[in-house]
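Structure data (mmCIF, C-alpha atoms) from protein_36.cif:
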```cif
data_input
loop_
_atom_site.label_atom_id
_atom_site.label_comp_id
_atom_site.auth_asym_id
_atom_site.auth_seq_id
_atom_site.Cartn_x
_atom_site.Cartn_y
_atom_site.Cartn_z
CA MET O 35 31.38 29.52 98.28
CA ASN O 36 32.95 26.26 97.15
CA LYS O 37 31.51 26.27 93.62
CA LEU O 38 33.24 26.61 90.27
CA THR O 39 33.20 30.19 88.96
CA ILE O 40 33.53 31.63 85.50
CA ASP O 41 37.18 32.41 86.30
CA ASP O 42 37.84 28.67 86.56
CA LEU O 43 36.69 28.00 82.98
CA ASP O 44 38.70 28.14 79.76
CA LEU O 45 36.39 30.33 77.68
CA ASN O 46 38.54 30.76 74.58
CA GLY O 47 36.76 29.50 71.48
CA ARG O 48 33.88 28.09 73.54
CA ARG O 49 30.13 28.69 73.30
CA VAL O 50 29.04 29.55 76.82
CA LEU O 51 25.40 28.90 77.68
CA VAL O 52 24.50 31.54 80.27
CA ARG O 53 21.33 31.68 82.39
CA VAL O 54 20.76 35.38 82.99
CA ASP O 55 17.88 37.18 84.69
CA PHE O 56 16.39 39.48 82.07
CA ASN O 57 12.97 39.54 83.73
CA VAL O 58 12.80 43.30 83.25
CA PRO O 59 9.79 45.65 83.25
CA LEU O 60 8.49 46.79 79.86
CA ASP O 61 6.59 49.99 79.15
CA GLU O 62 3.31 50.25 77.24
CA GLY O 63 5.24 50.42 73.98
CA GLY O 64 7.03 47.17 74.73
CA ARG O 65 10.38 48.81 75.46
CA VAL O 66 12.56 48.04 78.47
CA ARG O 67 11.65 50.50 81.20
CA ASP O 68 14.41 49.64 83.68
CA PRO O 69 17.65 47.99 82.44
CA THR O 70 19.06 47.28 85.93
CA ARG O 71 19.08 43.50 85.49
CA ILE O 72 20.61 43.80 82.03
CA LEU O 73 23.40 45.96 83.42
CA ALA O 74 23.99 43.45 86.21
CA ALA O 75 24.71 40.72 83.65
CA LEU O 76 27.22 42.74 81.61
CA PRO O 77 30.36 41.77 83.58
CA THR O 78 29.78 38.07 82.89
CA ILE O 79 28.94 38.64 79.21
CA ARG O 80 31.99 40.84 78.71
CA ARG O 81 34.23 38.35 80.53
CA ILE O 82 33.19 35.68 78.02
CA LEU O 83 33.66 37.91 74.98
CA ASP O 84 36.98 39.36 76.16
CA SER O 85 38.25 35.79 76.73
CA GLY O 86 37.56 34.76 73.14
CA GLY O 87 34.26 32.99 73.72
CA SER O 88 30.73 33.52 72.47
CA ALA O 89 27.67 33.89 74.68
CA VAL O 90 24.31 32.13 74.33
CA LEU O 91 21.97 33.89 76.75
CA MET O 92 18.73 32.45 78.08
CA SER O 93 16.14 33.96 80.41
CA HIS O 94 12.49 34.09 81.32
CA LEU O 95 10.27 37.17 81.20
CA GLY O 96 7.02 37.40 83.14
CA ARG O 97 4.56 34.55 83.49
CA PRO O 98 3.38 33.33 80.08
CA LYS O 99 2.21 30.09 81.76
CA GLY O 100 3.99 27.72 79.40
CA LYS O 101 2.46 29.21 76.25
CA ARG O 102 3.81 31.37 73.46
CA ASP O 103 2.58 34.85 74.37
CA MET O 104 4.40 37.57 72.42
CA SER O 105 3.62 40.20 75.05
CA PHE O 106 6.34 38.37 77.01
CA SER O 107 8.83 38.14 74.15
CA LEU O 108 12.47 38.88 74.94
CA SER O 109 12.93 40.62 71.58
CA PRO O 110 12.83 44.13 73.16
CA VAL O 111 15.46 42.96 75.63
CA ALA O 112 17.77 42.04 72.75
CA ASP O 113 17.49 45.63 71.51
CA ALA O 114 18.21 47.04 74.97
CA LEU O 115 21.15 44.67 75.42
CA GLU O 116 22.63 45.85 72.11
CA ASP O 117 22.50 49.44 73.37
CA GLU O 118 24.14 48.60 76.69
CA LEU O 119 26.72 46.20 75.27
CA GLY O 120 27.63 48.32 72.27
CA ARG O 121 27.58 45.41 69.84
CA SER O 122 25.12 43.38 67.78
CA VAL O 123 22.96 40.80 69.57
CA LYS O 124 21.42 37.97 67.59
CA PHE O 125 17.96 36.71 68.54
CA THR O 126 16.05 33.50 67.90
CA ASP O 127 12.28 33.17 68.13
CA ASP O 128 12.56 29.97 70.16
CA CYS O 129 14.99 28.75 72.80
CA ILE O 130 15.28 25.16 71.51
CA GLY O 131 15.02 23.42 68.16
CA GLN O 132 16.71 23.59 64.78
CA GLU O 133 16.74 27.38 64.43
CA ALA O 134 18.26 27.88 67.88
CA GLU O 135 20.85 25.14 67.26
CA ALA O 136 21.80 26.60 63.88
CA ALA O 137 22.14 30.11 65.35
CA ALA O 138 24.27 28.86 68.23
CA GLY O 139 26.39 26.70 65.91
CA SER O 140 27.20 29.67 63.68
CA LEU O 141 28.51 31.87 66.50
CA GLN O 142 32.04 33.20 66.22
CA PRO O 143 34.20 34.41 69.13
CA GLY O 144 32.77 37.71 70.36
CA ASP O 145 29.21 36.96 69.20
CA VAL O 146 26.15 37.18 71.44
CA LEU O 147 22.89 35.28 70.98
CA LEU O 148 19.74 35.79 73.07
CA LEU O 149 17.16 33.00 73.04
CA GLU O 150 13.41 33.55 73.22
CA ASN O 151 11.57 33.29 76.57
CA LEU O 152 12.24 29.96 78.30
CA ARG O 153 8.80 29.99 79.89
CA PHE O 154 7.08 29.70 76.53
CA HIS O 155 7.68 26.00 77.25
CA PRO O 156 5.96 24.40 80.27
CA GLU O 157 8.94 22.06 80.61
CA GLU O 158 11.05 24.96 81.91
CA GLU O 159 9.21 25.34 85.21
CA ALA O 160 8.76 21.56 85.43
CA ASP O 161 12.56 21.11 85.56
CA ASP O 162 12.22 18.69 82.66
CA PRO O 163 15.47 16.80 81.84
CA GLY O 164 14.57 16.48 78.15
CA PHE O 165 14.10 20.24 77.83
CA ALA O 166 17.41 20.73 79.62
CA GLU O 167 19.14 18.40 77.16
CA ALA O 168 17.70 20.38 74.24
CA LEU O 169 19.16 23.56 75.75
CA ALA O 170 22.47 21.86 76.46
CA ARG O 171 23.02 21.28 72.73
CA LEU O 172 23.48 25.04 72.34
CA GLY O 173 26.69 25.40 74.35
CA ASP O 174 29.99 23.89 75.44
CA LEU O 175 29.98 25.29 78.98
CA TYR O 176 27.25 26.37 81.41
CA VAL O 177 27.24 29.49 83.58
CA ASN O 178 24.43 30.51 85.92
CA ASP O 179 24.40 34.24 86.55
CA ALA O 180 20.72 34.50 87.54
CA PHE O 181 20.79 34.70 91.32
CA GLY O 182 17.21 36.02 91.29
CA THR O 183 15.97 32.62 90.07
CA ALA O 184 18.42 30.42 91.96
CA HIS O 185 15.76 29.45 94.50
CA ARG O 186 13.70 27.79 91.75
CA ALA O 187 14.43 24.24 90.55
CA HIS O 188 13.67 24.97 86.89
CA ALA O 189 15.23 23.30 83.88
CA SER O 190 17.54 26.21 83.01
CA THR O 191 18.72 26.68 86.60
CA HIS O 192 18.83 23.10 87.88
CA ALA O 193 18.53 20.19 85.42
CA LEU O 194 20.67 21.95 82.81
CA ALA O 195 23.64 22.25 85.17
CA HIS O 196 23.74 18.46 85.43
CA SER O 197 24.18 18.27 81.64
CA PHE O 198 27.61 19.90 82.06
CA PRO O 199 29.49 17.72 84.57
CA GLY O 200 32.62 19.51 85.72
CA LYS O 201 31.71 22.57 83.61
CA ALA O 202 28.79 24.28 85.43
CA ALA O 203 29.96 27.52 87.01
CA ALA O 204 28.71 30.64 88.74
CA GLY O 205 28.83 33.90 86.80
CA CYS O 206 30.24 37.19 88.13
CA LEU O 207 26.92 38.38 89.56
CA MET O 208 26.08 35.04 91.14
CA GLU O 209 29.51 34.87 92.75
CA LYS O 210 29.20 38.43 94.08
CA GLU O 211 25.74 37.77 95.54
CA LEU O 212 26.89 34.62 97.32
CA ARG O 213 30.09 36.23 98.53
CA TYR O 214 28.39 39.26 100.13
CA LEU O 215 25.38 37.46 101.55
CA GLY O 216 27.43 34.47 102.66
CA ALA O 217 30.03 36.62 104.41
CA ALA O 218 27.33 38.63 106.15
CA LEU O 219 25.85 35.48 107.64
CA ALA O 220 29.04 33.50 108.27
CA ASP O 221 31.59 36.05 109.46
CA PRO O 222 30.30 39.64 109.50
CA GLU O 223 32.37 42.51 110.80
CA ARG O 224 30.60 43.62 113.97
CA PRO O 225 28.49 45.30 115.16
CA PHE O 226 26.16 43.55 112.69
CA VAL O 227 22.79 45.28 112.29
CA ALA O 228 19.86 44.05 110.20
CA ILE O 229 16.91 46.20 109.17
CA ILE O 230 13.84 44.29 108.06
CA GLY O 231 10.81 46.14 106.74
CA GLY O 232 8.05 45.81 104.22
CA ALA O 233 4.33 45.38 104.49
CA LYS O 234 3.91 41.84 105.80
CA ILE O 235 5.58 39.73 108.43
CA SER O 236 4.28 36.54 106.82
CA THR O 237 6.97 36.51 104.11
CA LYS O 238 9.82 37.10 106.56
CA ILE O 239 9.07 34.98 109.61
CA GLU O 240 11.93 32.52 109.07
CA VAL O 241 14.32 35.35 108.17
CA LEU O 242 13.52 37.04 111.49
CA ARG O 243 14.07 33.80 113.41
CA ARG O 244 17.46 33.19 111.83
CA LEU O 245 18.73 36.77 111.92
CA LEU O 246 17.92 37.11 115.61
CA ARG O 247 20.50 34.37 116.24
CA LEU O 248 23.14 36.10 114.12
CA VAL O 249 22.88 39.87 114.51
CA ASP O 250 23.73 42.26 117.31
CA SER O 251 20.58 44.27 116.62
CA LEU O 252 17.49 43.69 114.46
CA LEU O 253 15.46 46.79 113.59
CA ILE O 254 11.88 46.41 112.36
CA GLY O 255 10.03 48.92 110.17
CA GLY O 256 7.23 49.10 107.65
CA GLY O 257 3.75 47.64 107.90
CA MET O 258 5.02 44.46 109.54
CA THR O 259 5.79 46.56 112.62
CA TYR O 260 2.16 46.65 113.68
CA THR O 261 1.56 42.90 113.71
CA LEU O 262 4.43 42.65 116.19
CA VAL O 263 3.23 45.66 118.18
CA LYS O 264 -0.28 44.23 118.47
CA ALA O 265 1.12 40.83 119.46
CA ARG O 266 2.91 42.65 122.29
CA GLY O 267 -0.39 44.16 123.40
CA GLY O 268 -0.12 47.59 121.81
CA ARG O 269 -2.88 49.67 120.23
CA ILE O 270 -2.30 50.15 116.49
CA GLY O 271 -5.46 51.91 115.27
CA ASP O 272 -6.14 51.11 111.61
CA SER O 273 -2.52 50.16 110.87
CA LEU O 274 -1.79 47.13 108.74
CA CYS O 275 -1.98 43.92 110.76
CA GLU O 276 -1.92 40.26 109.75
CA GLU O 277 -4.35 38.92 112.32
CA ASP O 278 -3.62 35.31 111.41
CA LYS O 279 0.08 35.84 112.19
CA LEU O 280 -0.33 37.29 115.69
CA SER O 281 0.49 34.00 117.38
CA VAL O 282 3.64 33.56 115.29
CA ALA O 283 4.61 37.17 116.02
CA GLY O 284 4.18 36.40 119.69
CA GLU O 285 6.49 33.41 119.35
CA ILE O 286 9.16 35.60 117.78
CA LEU O 287 8.83 38.12 120.60
CA SER O 288 9.28 35.26 123.08
CA LEU O 289 12.51 33.90 121.59
CA PRO O 290 15.58 34.02 123.84
CA GLU O 291 17.24 36.46 121.42
CA ALA O 292 14.21 38.77 121.23
CA ASP O 293 16.05 41.42 123.28
CA ARG O 294 17.98 42.14 120.08
CA LEU O 295 14.75 43.07 118.27
CA ARG O 296 13.88 46.78 118.21
CA LEU O 297 10.52 48.11 117.11
CA PRO O 298 10.15 51.80 116.18
CA ILE O 299 9.20 53.74 119.30
CA ASP O 300 7.02 56.16 117.33
CA SER O 301 5.20 56.31 114.01
CA VAL O 302 4.05 58.91 111.50
CA ALA O 303 0.35 58.25 110.94
CA ALA O 304 -2.45 59.51 108.71
CA GLN O 305 -6.16 58.91 108.39
CA ASP O 306 -6.01 58.92 104.60
CA PRO O 307 -2.64 57.86 103.16
CA GLU O 308 -3.76 58.83 99.67
CA ALA O 309 -4.44 62.46 100.52
CA ALA O 310 -2.17 62.74 103.57
CA ALA O 311 -3.94 66.01 104.39
CA GLU O 312 -2.93 65.64 108.02
CA THR O 313 -0.23 63.58 109.66
CA ARG O 314 0.50 63.04 113.33
CA VAL O 315 3.17 61.30 115.33
CA PHE O 316 2.05 58.70 117.87
CA PRO O 317 3.82 56.11 119.98
CA SER O 318 3.81 52.99 117.82
CA ASP O 319 1.93 51.09 120.53
CA ASP O 320 -0.70 53.77 121.07
CA ILE O 321 -2.16 54.74 117.70
CA PRO O 322 -5.83 55.85 117.93
CA ASP O 323 -8.61 54.26 115.91
CA GLY O 324 -8.96 55.87 112.50
CA TRP O 325 -5.22 56.46 112.18
CA ARG O 326 -2.74 54.29 110.31
CA GLY O 327 1.02 54.11 110.91
CA LEU O 328 2.81 54.72 107.60
CA ASP O 329 6.41 55.56 108.52
CA ILE O 330 8.75 55.38 111.47
CA GLY O 331 8.59 58.52 113.59
CA PRO O 332 11.29 61.11 114.35
CA VAL O 333 12.56 59.40 117.51
CA ALA O 334 12.71 56.05 115.72
CA ARG O 335 14.49 57.65 112.77
CA GLY O 336 17.19 58.93 115.11
CA GLU O 337 17.57 55.50 116.69
CA PHE O 338 17.74 53.73 113.33
CA VAL O 339 20.32 56.18 111.97
CA ALA O 340 22.40 55.86 115.15
CA ALA O 341 22.32 52.05 114.93
CA VAL O 342 23.49 52.15 111.31
CA SER O 343 26.18 54.71 112.07
CA GLU O 344 27.61 52.58 114.89
CA ALA O 345 27.56 49.35 112.86
CA ARG O 346 30.26 47.83 110.67
CA THR O 347 27.91 45.57 108.69
CA VAL O 348 24.29 46.40 107.82
CA LEU O 349 21.86 44.13 106.01
CA TRP O 350 18.65 45.85 104.86
CA ASN O 351 15.60 44.17 103.33
CA GLY O 352 12.33 46.08 103.04
CA PRO O 353 11.46 49.79 103.33
CA VAL O 354 10.53 51.16 106.76
CA GLY O 355 7.61 53.25 105.50
CA LEU O 356 5.37 53.98 102.53
CA PHE O 357 8.35 55.36 100.64
CA GLU O 358 6.46 55.77 97.35
CA ARG O 359 4.45 58.63 98.79
CA SER O 360 5.62 61.81 100.54
CA PRO O 361 5.76 62.53 103.45
CA PHE O 362 6.03 58.84 104.38
CA ASP O 363 9.37 58.39 102.60
CA VAL O 364 11.43 60.20 105.23
CA GLY O 365 12.33 57.17 107.36
CA THR O 366 13.40 55.05 104.41
CA ARG O 367 15.43 57.94 102.99
CA ASP O 368 17.17 58.56 106.34
CA VAL O 369 18.10 54.86 106.60
CA ALA O 370 19.41 54.86 103.02
CA GLU O 371 21.49 58.00 103.58
CA ALA O 372 22.94 56.61 106.82
CA MET O 373 23.92 53.44 104.99
CA ALA O 374 25.55 55.42 102.19
CA GLU O 375 27.60 57.28 104.79
CA LEU O 376 28.58 54.00 106.45
CA THR O 377 29.77 52.68 103.07
CA ARG O 378 31.87 55.81 102.65
CA ARG O 379 33.48 55.15 106.03
CA GLY O 380 34.43 51.61 105.04
CA GLY O 381 31.50 49.66 106.45
CA VAL O 382 29.70 46.89 104.58
CA THR O 383 26.16 47.67 103.42
CA ILE O 384 24.00 45.03 101.74
CA VAL O 385 20.53 45.78 100.39
CA GLY O 386 18.03 43.22 99.10
CA GLY O 387 14.37 43.12 98.14
CA GLY O 388 12.69 44.82 95.21
CA ASP O 389 11.10 47.66 97.17
CA SER O 390 14.33 48.52 99.00
CA VAL O 391 16.21 48.62 95.71
CA ALA O 392 13.43 50.73 94.15
CA ALA O 393 13.75 53.18 97.03
CA LEU O 394 17.52 53.42 96.55
CA ASN O 395 17.01 54.15 92.86
CA ILE O 396 14.47 56.88 93.65
CA PHE O 397 16.88 58.46 96.16
CA GLY O 398 19.85 58.09 93.79
CA LEU O 399 21.81 56.07 96.37
CA ALA O 400 22.05 52.59 94.82
CA ASP O 401 25.66 53.06 93.74
CA ARG O 402 26.64 54.09 97.28
CA MET O 403 26.00 50.67 98.81
CA SER O 404 28.56 47.88 99.05
CA HIS O 405 26.17 45.48 97.39
CA VAL O 406 22.63 45.70 96.04
CA SER O 407 21.14 42.25 95.61
CA THR O 408 19.20 41.44 92.45
CA GLY O 409 17.40 38.49 94.04
CA GLY O 410 14.24 39.13 96.04
CA GLY O 411 12.91 35.67 96.83
CA ALA O 412 16.34 34.09 96.39
CA SER O 413 17.99 36.43 98.88
CA LEU O 414 15.23 35.81 101.43
CA GLU O 415 15.57 32.05 101.13
CA PHE O 416 19.35 32.35 101.37
CA LEU O 417 18.95 34.42 104.55
CA GLU O 418 16.58 31.78 105.91
CA GLY O 419 19.33 29.21 105.44
CA LYS O 420 17.56 27.24 102.73
CA PRO O 421 19.65 25.60 99.99
CA LEU O 422 19.20 27.23 96.59
CA PRO O 423 18.72 24.61 93.82
CA GLY O 424 20.40 26.82 91.22
CA VAL O 425 23.52 27.04 93.38
CA GLU O 426 23.52 23.47 94.64
CA ALA O 427 23.51 22.17 91.05
CA LEU O 428 26.74 23.98 90.11
CA THR O 429 30.02 22.08 89.98
CA ASP O 430 31.89 21.81 93.27
CA ARG O 431 35.33 23.34 92.94
CA GLU O 432 37.17 20.07 93.67
CA GLU O 433 35.10 18.25 91.04
CA GLY O 434 35.87 20.82 88.39
CA GLN O 435 39.58 21.07 89.01
#
```
Whole structure, structure tokens version:
Amino acid sequence: MNKLTIDDLDLNGRRVLVRVDFNVPLDEGGRVRDPTRILAALPTIRRILDSGGSAVLMSHLGRPKGKRDMSFSLSPVADALEDELGRSVKFTDDCIGQEAEAAAGSLQPGDVLLLENLRFHPEEEADDPGFAEALARLGDLYVNDAFGTAHRAHASTHALAHSFPGKAAAGCLMEKELRYLGAALADPERPFVAIIGGAKISTKIEVLRRLLRLVDSLLIGGGMTYTLVKARGGRIGDSLCEEDKLSVAGEILSLPEADRLRLPIDSVAAQDPEAAAETRVFPSDDIPDGWRGLDIGPVARGEFVAAVSEARTVLWNGPVGLFERSPFDVGTRDVAEAMAELTRRGGVTIVGGGDSVAALNIFGLADRMSHVSTGGGASLEFLEGKPLPGVEALTDREEGQ
């Protein structure tokens, strides 16, 4: 990564405008249900405060569609941030305007200010330069620590960076994300194994194409398995299949590197996944009508675990079964445990995608991975090789030095 980082900035006595990703789930009472993304931003916030600066934090929450909808207010996030940070957090009921400017202007070193939801303004998603300029008046320096939104050219992630020539830097989380994902793609320690799962192949076609050129082995799990199996001529019963993607799946199976792609040899299937009164194991290419593959089978689990155990770098995006419901969580759990063991032995384990991260949290294994990515769509686009607007807009290191 050849971009300016927060370590390159003189933070002492400066107001640092930080784009964070506080798009967190709220419970029915309006309280933060899962503070993971808040915790991920703490190293950057603390770096600013410990260096004698003050932090002006901005984020979106949900999809208020450019209107002021208080069900998407960041006020509960300010309360949760206070608890996690252990200090007072100021809050303004708008992200631009006189009140926000006055609050930012009154900050002293060590102070933290959280602005109201950026997406209350339609100009945010429109990447409007005027909106970016209004935000720019709130800080002396700009730091983007929201990797999860880096694939969007929005005002706070793209236009705003251009308002701080020579002073737009990556935060601690952004730098970590780019370092781990970039190293995995550019110079991984081998064997390099990727595990791609999830329900649909349609969202991961380009990822599969690119990874097949980079990895030593690409393991497929989850519902997307059966589109590929059917494209190969297998019988998949009532398993999930994207019929309109069969031709694309066939193209992937015909690529020169397709010998690196491994589909699960067997599947755990049920007639009713809700009740799961009866489960059976079938070859993944010979599932009878009325049955639906919902997890990788015991032979496949052994192969997946062996592949992880023999690897030095593993990239995992997407669960390999219906992990939310027992007994279809076994394959995903076995993969997660094998990766945790690989981490312990000094291997590099990188996990991305919301469902994969949710599974790790359920299994209590998130802290046993080398890196857990906070960016779902952003990590996928990075893996596809697409430029991320929120990264591209940051100051190049030579320009900032």
**Item:** Picked residues, the PyMOL selection byres ((chain O and resi 233) around 6), as a PyMOL selection string
**Value:** chain O and resi 232+234+256-258
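Using all atoms listed in the file, the residues found no farther than 12 Å from Asn36 of chain O, other than those of its own chain fewer than 5 positions away, are Asp42, Ala203, Ala204, Glu209, Leu212, Arg213, Gly216, Val425, Glu426, Ala427, Leu428, Thr429, Asp430, Arg431, Glu432, Glu433, Gly434 and Gln435 of chain O.
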**Message:** Give me the residues near Ile270 of chain O as a VMD selection string, where near means some atom within 8 Å (using all atoms listed in the file) and where sequence neighbours in that chain fewer than 4 positions away do not count.
**Reply:** chain O and resid 260 263 to 264 318 to 323 326 to 327
**Item:** the PyMOL selection byres ((chain O and resi 415-417) around 8) resolved against shown file, as a ChimeraX atom specification
**Value:** /O:185,215,219,241,244-245,411-414,418-422
**Residue contacts of Thr377 of chain O (8 Å, only C-alpha atoms) excluding same-chain residues fewer than 6 positions away, as a PyMOL selection string** = chain O and resi 383+402-404
**Request:** Go ahead and find all residues with at least one atom no further than 6 Å from (8.5, 37.3, 112.8) in the file's coordinates, using all atoms listed in the file; report them as a VMD selection string.
**Result:** chain O and resid 235 239 242 283 286
**Item:** Output of the PyMOL selection byres ((chain O and resi 66) around 12), listed as number ranges by chain
**Value:** O: 56-65, 67-72, 95, 106-115, 117-118
I need the chosen residues saved as an mmCIF file, keeping the file's coordinate frame, with C-alpha atoms.
```cif
data_model
loop_
_atom_site.group_PDB
_atom_site.id
_atom_site.type_symbol
_atom_site.label_atom_id
_atom_site.label_comp_id
_atom_site.auth_asym_id
_atom_site.auth_seq_id
_atom_site.Cartn_x
_atom_site.Cartn_y
_atom_site.Cartn_z
ATOM 1 C CA PHE O 56 16.390 39.480 82.070
ATOM 2 C CA ASN O 57 12.970 39.540 83.730
ATOM 3 C CA VAL O 58 12.800 43.300 83.250
ATOM 4 C CA PRO O 59 9.790 45.650 83.250
ATOM 5 C CA LEU O 60 8.490 46.790 79.860
ATOM 6 C CA ASP O 61 6.590 49.990 79.150
ATOM 7 C CA GLU O 62 3.310 50.250 77.240
ATOM 8 C CA GLY O 63 5.240 50.420 73.980
ATOM 9 C CA GLY O 64 7.030 47.170 74.730
ATOM 10 C CA ARG O 65 10.380 48.810 75.460
ATOM 11 C CA ARG O 67 11.650 50.500 81.200
ATOM 12 C CA ASP O 68 14.410 49.640 83.680
ATOM 13 C CA PRO O 69 17.650 47.990 82.440
ATOM 14 C CA THR O 70 19.060 47.280 85.930
ATOM 15 C CA ARG O 71 19.080 43.500 85.490
ATOM 16 C CA ILE O 72 20.610 43.800 82.030
ATOM 17 C CA LEU O 95 10.270 37.170 81.200
ATOM 18 C CA PHE O 106 6.340 38.370 77.010
ATOM 19 C CA SER O 107 8.830 38.140 74.150
ATOM 20 C CA LEU O 108 12.470 38.880 74.940
ATOM 21 C CA SER O 109 12.930 40.620 71.580
ATOM 22 C CA PRO O 110 12.830 44.130 73.160
ATOM 23 C CA VAL O 111 15.460 42.960 75.630
ATOM 24 C CA ALA O 112 17.770 42.040 72.750
ATOM 25 C CA ASP O 113 17.490 45.630 71.510
ATOM 26 C CA ALA O 114 18.210 47.040 74.970
ATOM 27 C CA LEU O 115 21.150 44.670 75.420
ATOM 28 C CA ASP O 117 22.500 49.440 73.370
ATOM 29 C CA GLU O 118 24.140 48.600 76.690
#
```
**Request:** State, in Å with one decimal place, the distance from atom CA of Glu344 of chain O to atom CA of Val406 of chain O.
**Result:** 20.7 Å
**Request:** Dig up all the protein and nucleic acid residues within 12 Å of (29.0, 39.4, 94.6) in the file frame, using only C-alpha atoms, and format them as number ranges by chain.
**Result:** O: 35, 39, 74-75, 77-78, 179-181, 204-218, 384, 404-409
**Prompt:** Restricting the calculation to all atoms listed in the file, which member of O:Val315, O:Ala189, O:Ala160, O:Leu172 is positioned closest to Ala136 of chain O?
**Reply:**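 Distance minimum relative to Ala136 of chain O lands on O:Leu172.
When the distance limit is 10 Å and all atoms listed in the file are what count, the residues near Arg296 of chain O, minus those fewer than 6 positions from it on the same chain, are Ile229, Ser251, Leu252, Leu253, Ile254, Gly255, Thr259, Ala334, Glu337 and Phe338 of chain O.
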**Message:** One number please: atom CA of Gly139 of chain O to atom CA of Lys99 of chain O, in Å, one decimal.
**Reply:** 29.1 Å
